[in-house]
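Visitor: Okay, so here is entry_30.tsv, and as you'll see once you scroll down, it has TSV, C-alpha atoms and all ligand atoms.
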```
chain	number	residue	atom	x	y	z
A	11	MET	CA	-206.61	2.71	53.75
A	12	SER	CA	-208.77	-0.29	54.60
A	13	ASP	CA	-208.65	-1.71	58.18
A	14	SER	CA	-204.92	-2.15	58.97
A	15	SER	CA	-203.84	-2.90	55.43
A	16	LEU	CA	-201.73	-0.41	53.48
A	17	ARG	CA	-201.77	-0.67	49.70
A	18	LEU	CA	-198.46	0.47	48.27
A	19	VAL	CA	-198.17	0.83	44.49
A	20	TRP	CA	-194.79	1.14	42.77
A	21	ILE	CA	-195.32	2.47	39.26
A	22	TYR	CA	-193.24	1.17	36.36
A	23	PRO	CA	-190.18	-0.46	37.95
A	24	ASP	CA	-189.23	-1.52	34.40
A	25	LEU	CA	-188.93	2.09	33.20
A	26	LEU	CA	-188.47	4.34	36.22
A	27	SER	CA	-186.04	3.20	38.88
A	28	THR	CA	-182.65	4.87	38.62
A	29	TYR	CA	-180.11	5.22	41.42
A	30	GLY	CA	-181.81	2.71	43.67
A	31	ASP	CA	-185.25	4.36	43.68
A	32	ARG	CA	-186.59	0.84	44.25
A	33	GLY	CA	-185.36	1.37	47.79
A	34	ASN	CA	-188.20	3.83	48.35
A	35	ALA	CA	-190.72	1.01	48.04
A	36	LEU	CA	-188.64	-1.19	50.34
A	37	VAL	CA	-188.31	1.48	53.02
A	38	VAL	CA	-191.98	2.53	53.00
A	39	GLU	CA	-192.97	-1.14	53.14
A	40	ARG	CA	-190.58	-1.90	56.01
A	41	ARG	CA	-191.48	1.13	58.10
A	42	ALA	CA	-195.17	0.38	57.71
A	43	ARG	CA	-194.65	-3.25	58.74
A	44	GLN	CA	-192.64	-2.10	61.78
A	45	ARG	CA	-195.83	-0.28	62.84
A	46	GLY	CA	-197.82	-3.49	62.59
A	47	LEU	CA	-199.45	-2.67	59.29
A	48	ASN	CA	-200.22	-5.35	56.76
A	49	VAL	CA	-198.66	-4.03	53.54
A	50	GLN	CA	-199.86	-5.11	50.13
A	51	ARG	CA	-197.25	-3.98	47.64
A	52	VAL	CA	-198.12	-3.97	43.96
A	53	ASP	CA	-195.36	-3.43	41.39
A	54	VAL	CA	-197.06	-2.18	38.22
A	55	ARG	CA	-195.07	-2.77	35.05
A	56	SER	CA	-195.59	-0.41	32.14
A	57	ASP	CA	-197.75	-2.94	30.24
A	58	GLN	CA	-200.14	-3.24	33.19
A	59	PRO	CA	-202.97	-0.97	34.30
A	60	VAL	CA	-202.39	1.32	37.28
A	61	PRO	CA	-204.80	0.31	40.05
A	62	THR	CA	-207.00	3.07	41.44
A	63	SER	CA	-207.34	1.59	44.93
A	64	GLY	CA	-203.82	2.22	46.26
A	65	ASP	CA	-203.06	4.29	49.35
A	66	ILE	CA	-199.49	5.30	48.44
A	67	TYR	CA	-198.03	5.47	44.91
A	68	LEU	CA	-194.28	5.73	44.28
A	69	ILE	CA	-192.66	6.73	40.97
A	70	GLY	CA	-188.91	6.85	40.42
A	71	GLY	CA	-186.47	8.53	38.09
A	72	GLY	CA	-185.38	7.44	34.65
A	73	GLU	CA	-183.36	8.13	31.55
A	74	ASP	CA	-184.90	10.43	28.95
A	75	ARG	CA	-186.36	7.75	26.63
A	76	PRO	CA	-187.93	5.55	29.30
A	77	GLN	CA	-189.30	8.77	30.78
A	78	ARG	CA	-191.13	9.55	27.52
A	79	LEU	CA	-192.48	6.00	27.27
A	80	ALA	CA	-193.68	6.15	30.87
A	81	ALA	CA	-195.41	9.49	30.27
A	82	GLU	CA	-197.16	8.12	27.16
A	83	ARG	CA	-198.46	5.10	29.07
A	84	LEU	CA	-199.51	7.05	32.12
A	85	ARG	CA	-201.45	9.51	29.95
A	86	GLN	CA	-203.29	6.62	28.31
A	87	ASP	CA	-203.99	5.00	31.67
A	88	SER	CA	-206.22	7.19	33.84
A	89	GLY	CA	-205.49	5.13	36.97
A	90	LEU	CA	-203.12	7.55	38.68
A	91	PRO	CA	-205.23	10.74	38.28
A	92	ARG	CA	-208.28	8.79	39.45
A	93	ALA	CA	-206.39	7.54	42.50
A	94	VAL	CA	-205.35	11.12	43.33
A	95	ASP	CA	-208.98	12.22	42.98
A	96	ASN	CA	-209.76	9.54	45.56
A	97	GLY	CA	-207.19	11.05	47.96
A	98	ALA	CA	-204.25	8.75	47.24
A	99	ILE	CA	-200.73	9.83	48.18
A	100	VAL	CA	-198.14	10.10	45.41
A	101	PHE	CA	-194.41	10.48	45.89
A	102	SER	CA	-192.36	10.98	42.72
A	103	VAL	CA	-188.65	11.32	42.02
A	104	CYS	CA	-186.86	13.17	39.21
A	105	ALA	CA	-188.28	11.84	35.90
A	106	GLY	CA	-191.38	10.76	37.82
A	107	TYR	CA	-191.65	14.28	39.27
A	108	GLN	CA	-191.37	15.84	35.81
A	109	ILE	CA	-194.07	13.49	34.49
A	110	LEU	CA	-196.48	14.61	37.23
A	111	GLY	CA	-196.14	18.21	35.99
A	112	HIS	CA	-197.76	19.87	32.97
A	113	GLU	CA	-194.92	19.14	30.54
A	114	PHE	CA	-191.22	18.38	30.16
A	115	ILE	CA	-188.73	18.19	27.28
A	116	ASN	CA	-188.41	14.64	26.02
A	117	ASP	CA	-185.47	12.73	24.51
A	118	LEU	CA	-186.42	14.05	21.04
A	119	GLY	CA	-186.14	17.64	22.25
A	120	GLN	CA	-189.91	18.07	22.07
A	121	ARG	CA	-192.41	19.30	24.67
A	122	GLU	CA	-194.02	16.20	26.15
A	123	PRO	CA	-197.28	16.54	28.10
A	124	GLY	CA	-197.29	15.29	31.66
A	125	LEU	CA	-200.24	14.41	33.87
A	126	GLY	CA	-200.77	17.87	35.37
A	127	LEU	CA	-201.08	16.46	38.87
A	128	LEU	CA	-198.59	19.06	40.10
A	129	ASP	CA	-198.60	22.68	38.95
A	130	VAL	CA	-195.02	22.54	37.66
A	131	TRP	CA	-193.39	22.39	34.23
A	132	SER	CA	-189.90	21.38	33.24
A	133	THR	CA	-187.54	22.75	30.65
A	134	ARG	CA	-184.08	21.55	29.61
A	135	GLY	CA	-181.29	23.31	31.47
A	136	GLU	CA	-178.84	25.15	29.23
A	137	GLY	CA	-175.88	24.60	31.54
A	138	ALA	CA	-174.24	21.52	33.00
A	139	ARG	CA	-176.39	18.73	34.43
A	140	ASN	CA	-177.13	19.05	38.10
A	141	VAL	CA	-175.16	16.12	39.49
A	142	GLY	CA	-174.17	15.50	43.08
A	143	ASP	CA	-175.34	15.49	46.64
A	144	VAL	CA	-178.07	17.82	47.85
A	145	LEU	CA	-179.00	19.18	51.25
A	146	ALA	CA	-182.34	20.94	51.60
A	147	GLU	CA	-184.47	22.40	54.38
A	148	PRO	CA	-188.07	21.18	53.99
A	149	ASP	CA	-191.27	23.21	54.14
A	150	GLN	CA	-191.86	23.67	57.88
A	151	ARG	CA	-195.48	22.51	57.57
A	152	LEU	CA	-194.20	19.03	56.77
A	153	ALA	CA	-192.23	18.82	60.04
A	154	LEU	CA	-189.37	16.96	58.38
A	155	PRO	CA	-185.66	17.14	59.24
A	156	THR	CA	-183.01	18.28	56.73
A	157	LEU	CA	-183.30	16.32	53.49
A	158	THR	CA	-180.26	14.61	52.02
A	159	GLY	CA	-180.19	13.09	48.54
A	160	PHE	CA	-178.37	12.64	45.25
A	161	GLU	CA	-179.43	14.41	42.07
A	162	ASN	CA	-178.59	13.83	38.40
A	163	HIS	CA	-180.79	15.71	35.93
A	164	GLN	CA	-180.69	18.04	32.96
A	165	GLY	CA	-184.27	19.14	33.44
A	166	VAL	CA	-185.10	22.38	35.25
A	167	THR	CA	-188.46	22.57	36.99
A	168	HIS	CA	-190.53	25.72	37.41
A	169	LEU	CA	-193.23	25.98	40.08
A	170	GLY	CA	-196.68	27.46	39.48
A	171	GLN	CA	-199.00	29.02	42.06
A	172	GLY	CA	-200.71	25.71	42.76
A	173	VAL	CA	-197.77	24.09	44.56
A	174	ALA	CA	-195.32	24.91	47.33
A	175	PRO	CA	-191.61	24.05	47.23
A	176	LEU	CA	-190.90	20.82	49.06
A	177	ALA	CA	-187.68	22.36	50.38
A	178	HIS	CA	-184.96	24.97	49.83
A	179	VAL	CA	-181.48	23.80	48.96
A	180	THR	CA	-178.43	24.63	51.04
A	181	ALA	CA	-176.23	22.47	48.78
A	182	GLY	CA	-176.87	21.25	45.24
A	183	GLY	CA	-179.26	22.37	42.52
A	184	GLY	CA	-182.76	21.06	43.27
A	185	ASN	CA	-185.31	22.45	40.84
A	186	GLY	CA	-182.50	24.40	39.17
A	187	ASP	CA	-184.72	27.36	38.22
A	188	GLY	CA	-182.66	29.93	40.10
A	189	THR	CA	-185.02	30.13	43.08
A	190	GLY	CA	-183.14	27.73	45.35
A	191	THR	CA	-186.18	25.51	45.68
A	192	GLU	CA	-186.20	21.71	45.65
A	193	GLY	CA	-189.21	19.66	44.64
A	194	ALA	CA	-192.86	20.61	45.00
A	195	TRP	CA	-195.97	19.43	46.80
A	196	ARG	CA	-199.65	20.01	47.13
A	197	ASP	CA	-201.96	18.15	49.47
A	198	THR	CA	-201.02	14.49	48.99
A	199	VAL	CA	-198.87	14.79	45.86
A	200	PHE	CA	-195.09	15.23	46.17
A	201	GLY	CA	-192.19	15.58	43.76
A	202	THR	CA	-188.45	15.75	44.39
A	203	TYR	CA	-185.18	15.51	42.51
A	204	LEU	CA	-183.63	13.49	45.33
A	205	HIS	CA	-182.44	9.95	44.80
A	206	GLY	CA	-180.34	8.11	47.34
A	207	PRO	CA	-182.81	6.42	47.61
A	208	VAL	CA	-184.49	9.35	49.30
A	209	MET	CA	-186.47	7.23	51.78
A	210	ALA	CA	-183.33	5.44	53.00
A	211	ARG	CA	-181.61	8.74	53.62
A	212	ASN	CA	-184.77	10.37	55.02
A	213	PRO	CA	-186.99	7.77	56.69
A	214	ALA	CA	-189.10	10.62	58.06
A	215	VAL	CA	-190.39	11.07	54.51
A	216	ALA	CA	-191.59	7.46	54.43
A	217	ASP	CA	-193.19	7.99	57.83
A	218	LEU	CA	-194.91	11.15	56.55
A	219	LEU	CA	-196.52	9.21	53.70
A	220	ILE	CA	-197.67	6.49	56.11
A	221	LYS	CA	-199.13	9.10	58.50
A	222	LEU	CA	-201.02	10.71	55.62
A	223	ALA	CA	-202.35	7.30	54.56
A	224	LEU	CA	-203.48	6.49	58.11
A	225	ASP	CA	-204.67	10.07	58.70
A	226	VAL	CA	-202.79	10.25	62.00
A	227	ASN	CA	-200.38	12.83	63.39
A	228	ALA	CA	-197.87	10.40	64.88
A	229	LEU	CA	-196.68	6.81	64.52
A	230	PRO	CA	-195.25	4.43	67.11
A	231	PRO	CA	-191.45	4.80	67.23
A	232	ALA	CA	-189.41	2.57	64.93
A	233	ASP	CA	-185.65	2.09	65.06
A	234	THR	CA	-183.66	4.53	62.88
A	235	THR	CA	-180.10	3.51	63.83
A	236	TRP	CA	-179.07	2.43	60.34
A	237	TYR	CA	-180.75	5.39	58.65
A	238	ASP	CA	-179.19	7.83	61.14
A	239	ALA	CA	-175.71	6.52	60.39
A	240	LEU	CA	-176.26	7.02	56.66
A	241	ARG	CA	-177.76	10.49	57.19
A	242	THR	CA	-174.91	11.61	59.44
A	243	GLU	CA	-172.28	10.42	56.99
A	244	ARG	CA	-173.96	11.95	53.91
A	245	ILE	CA	-174.81	15.27	55.56
A	246	ALA	CA	-171.26	15.68	56.89
A	247	SER	CA	-169.77	14.74	53.53
A	248	THR	CA	-172.02	17.12	51.59
A	249	SER	CA	-171.45	19.98	54.03
A	250	ARG	CA	-167.71	19.64	53.41
A	251	GLN	CA	-168.03	19.96	49.63
A	252	PRO	CA	-167.10	23.38	48.22
A	253	ALA	CA	-170.14	25.35	47.03
B	301	LIG	N1	-184.25	12.51	32.31
B	301	LIG	C1	-184.52	13.53	33.29
B	301	LIG	C2	-183.51	14.66	33.33
B	301	LIG	O1	-182.35	14.47	33.03
B	301	LIG	C3	-184.65	12.86	34.64
B	301	LIG	C4	-183.37	12.19	35.09
B	301	LIG	C5	-183.57	11.31	36.29
B	301	LIG	O2	-184.66	10.84	36.56
B	301	LIG	N2	-182.48	11.06	37.03
B	301	LIG	O3	-183.89	15.75	33.68
```
Turn the structure described in the file into structure tokens.
Guide:
Amino acid sequence: MSDSSLRLVWIYPDLLSTYGDRGNALVVERRARQRGLNVQRVDVRSDQPVPTSGDIYLIGGGEDRPQRLAAERLRQDSGLPRAVDNGAIVFSVCAGYQILGHEFINDLGQREPGLGLLDVWSTRGEGARNVGDVLAEPDQRLALPTLTGFENHQGVTHLGQGVAPLAHVTAGGGNGDGTGTEGAWRDTVFGTYLHGPVMARNPAVADLLIKLALDVNALPPADTTWYDALRTERIASTSRQPA
């Protein structure tokens, strides 16, 4: 973070942006601007280098083949690991989350190396895809309200000792490994299966990333009327679904 300028990097919109994950960049950008921050947003296509000077990096979900291509390019480009070494914040969704781990199963059915930025690894679930709305109670240390989101994934993610679950599901599959956990995090690196986009349904997550970037405990209030209406509707609807 330099003076009052927040550098927001959206990685590979051409490969990883399913189910409106682009909205995460829009919401982080808007909520930062509402706090008077000057936001420089950089959308990094997969044929471009990942800058190392960002404050917040966002990576979305994707189909199996684009996910493999994105992993190949991100392994060749050391920008993201270097940014994390510099203390950058990374928030990843679904395919992006799997790529941040040690490995996942690619579209060819092979083990594909990830970046190892999160101590997780993903396998291919044997059962039905996890598809539908999710409710999850976040790690209390993050001081976030109930998370609501939409998931659609065949991958199952297993957590190692080096991460904590982002949340525990009360509806939906989440990591799908039989532990009831959803997502993972360590320090400034986060992964989740939640689309929605997750920031639109949970603006407190966007605010958390901004607070981490500013290294502050609180932000000036910003209107959440629209987000609250969406949250209320989605949480009520998901709570009514049979388990
Ligand atoms: N292709 C991955 C899976 O099915 C991720 C899907 C996604 O990002 N929605 O597990």
Visitor: For each of A:Thr158, A:Pro207, A:Thr189, A:Gly111, take the minimum atom-to-atom distance to Ala246 in chain A, counting only C-alpha atoms, then give the residue where this is smallest.
Guide: A:Thr158
Visitor: Between A:Leu145, A:Leu110, A:Ala210, A:Leu36, which one has atoms that come closest to Thr248 in chain A, using only C-alpha atoms?
Guide: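 Result for the nearest residue to Thr248 in chain A: A:Leu145.
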Visitor: Got a sec to check which residues lie within 9 Å of ligand LIG 301 (chain B), using all atoms listed in the file, and send them as an NGL selection string?
Guide: :A and (26-29 or 70-78 or 103-108 or 114-117 or 132-135 or 139-140 or 161-167 or 203-205)
Visitor: Between A:Gly33, A:Pro230, A:Gly46, A:Gly97, which one has atoms that come closest to Arg196 in chain A, using all atoms listed in the file?
Guide: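 For Arg196 in chain A, the nearest of the candidates is A:Gly97.
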Visitor: Please measure the separation of CA of Val37 in chain A and CA of Met209 in chain A, giving the value in Å to one decimal.
Guide: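 Result for CA of Val37 in chain A versus CA of Met209 in chain A: 6.2 Å, one decimal.
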Visitor: Give me the residues within 9 Å of Glu82 in chain A as a list of chain:residue names, counting all atoms listed in the file and dropping any in the same chain fewer than 6 places off.
Guide: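 Those residues are A:Glu122, A:Pro123, A:Gly124.
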Visitor: So that I have them on file, write out the residues from the current selection with C-alpha atoms, as a compact mmCIF listing (two decimals), keeping the file's coordinate frame.
Guide:
```txt
# COMPACT_ATOMS: atom_id res chain seq x y z
CA GLU A 122 -194.02 16.20 26.15
CA PRO A 123 -197.28 16.54 28.10
CA GLY A 124 -197.29 15.29 31.66
```
Visitor: Looking at all atoms listed in the file, which of A:Leu90, A:Leu84, A:Leu79, A:Val199 is the one that sits closest to Leu219 in chain A?
Guide: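 The answer is A:Val199, which sits nearest to Leu219 in chain A.
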Visitor: What would range 84-95 of chain A look like with all heavy atoms restored, written as a tab-separated table (two decimals), keeping the file's coordinate frame?
Guide:
```tsv
chain	number	residue	atom	x	y	z
A	84	LEU	N	-198.73	6.51	31.00
A	84	LEU	CA	-199.51	7.05	32.12
A	84	LEU	C	-200.61	8.00	31.65
A	84	LEU	O	-201.65	8.12	32.28
A	84	LEU	CB	-198.59	7.76	33.13
A	84	LEU	CG	-197.78	6.83	34.02
A	84	LEU	CD1	-196.72	7.61	34.81
A	84	LEU	CD2	-198.68	6.06	34.99
A	85	ARG	N	-200.38	8.65	30.50
A	85	ARG	CA	-201.45	9.51	29.95
A	85	ARG	C	-202.61	8.66	29.43
A	85	ARG	O	-203.78	9.04	29.54
A	85	ARG	CB	-200.92	10.40	28.82
A	85	ARG	CG	-200.07	11.57	29.29
A	85	ARG	CD	-199.96	12.64	28.20
A	85	ARG	NE	-199.55	12.13	26.91
A	85	ARG	CZ	-198.30	11.99	26.52
A	85	ARG	NH1	-197.31	12.35	27.31
A	85	ARG	NH2	-198.01	11.52	25.31
A	86	GLN	N	-202.24	7.51	28.84
A	86	GLN	CA	-203.29	6.62	28.31
A	86	GLN	C	-204.07	5.94	29.43
A	86	GLN	O	-205.23	5.57	29.26
A	86	GLN	CB	-202.66	5.55	27.40
A	86	GLN	CG	-202.18	6.10	26.08
A	86	GLN	CD	-201.18	5.16	25.41
A	86	GLN	OE1	-201.01	4.02	25.85
A	86	GLN	NE2	-200.52	5.64	24.37
A	87	ASP	N	-203.40	5.73	30.54
A	87	ASP	CA	-203.99	5.00	31.67
A	87	ASP	C	-204.44	6.03	32.70
A	87	ASP	O	-203.62	6.73	33.27
A	87	ASP	CB	-202.92	4.09	32.26
A	87	ASP	CG	-203.42	3.28	33.43
A	87	ASP	OD1	-204.25	3.79	34.22
A	87	ASP	OD2	-202.99	2.13	33.60
A	88	SER	N	-205.73	6.13	32.94
A	88	SER	CA	-206.22	7.19	33.84
A	88	SER	C	-206.14	6.79	35.31
A	88	SER	O	-206.63	7.51	36.18
A	88	SER	CB	-207.67	7.52	33.47
A	88	SER	OG	-208.47	6.34	33.61
A	89	GLY	N	-205.50	5.66	35.60
A	89	GLY	CA	-205.49	5.13	36.97
A	89	GLY	C	-204.92	6.09	37.99
A	89	GLY	O	-205.49	6.28	39.07
A	90	LEU	N	-203.77	6.70	37.68
A	90	LEU	CA	-203.12	7.55	38.68
A	90	LEU	C	-203.93	8.81	38.98
A	90	LEU	O	-204.19	9.11	40.15
A	90	LEU	CB	-201.68	7.87	38.26
A	90	LEU	CG	-200.84	8.55	39.33
A	90	LEU	CD1	-200.73	7.71	40.60
A	90	LEU	CD2	-199.44	8.88	38.80
A	91	PRO	N	-204.39	9.57	37.97
A	91	PRO	CA	-205.23	10.74	38.28
A	91	PRO	C	-206.50	10.35	39.05
A	91	PRO	O	-206.92	11.08	39.96
A	91	PRO	CB	-205.58	11.31	36.90
A	91	PRO	CG	-204.51	10.82	35.99
A	91	PRO	CD	-204.07	9.50	36.53
A	92	ARG	N	-207.07	9.20	38.72
A	92	ARG	CA	-208.28	8.79	39.45
A	92	ARG	C	-207.95	8.48	40.90
A	92	ARG	O	-208.71	8.82	41.82
A	92	ARG	CB	-208.93	7.59	38.76
A	92	ARG	CG	-209.71	8.04	37.53
A	92	ARG	CD	-210.12	6.91	36.62
A	92	ARG	NE	-210.85	5.85	37.28
A	92	ARG	CZ	-210.98	4.63	36.79
A	92	ARG	NH1	-210.39	4.31	35.65
A	92	ARG	NH2	-211.69	3.74	37.41
A	93	ALA	N	-206.81	7.84	41.12
A	93	ALA	CA	-206.39	7.54	42.50
A	93	ALA	C	-206.19	8.83	43.29
A	93	ALA	O	-206.60	8.94	44.45
A	93	ALA	CB	-205.11	6.71	42.49
A	94	VAL	N	-205.57	9.83	42.65
A	94	VAL	CA	-205.35	11.12	43.33
A	94	VAL	C	-206.69	11.77	43.65
A	94	VAL	O	-206.89	12.32	44.74
A	94	VAL	CB	-204.46	12.05	42.48
A	94	VAL	CG1	-204.42	13.46	43.05
A	94	VAL	CG2	-203.05	11.47	42.38
A	95	ASP	N	-207.63	11.69	42.71
A	95	ASP	CA	-208.98	12.22	42.98
A	95	ASP	C	-209.60	11.55	44.20
A	95	ASP	O	-210.38	12.17	44.94
A	95	ASP	CB	-209.91	11.97	41.78
A	95	ASP	CG	-209.68	12.99	40.68
A	95	ASP	OD1	-209.00	14.00	40.95
A	95	ASP	OD2	-210.16	12.76	39.55
```
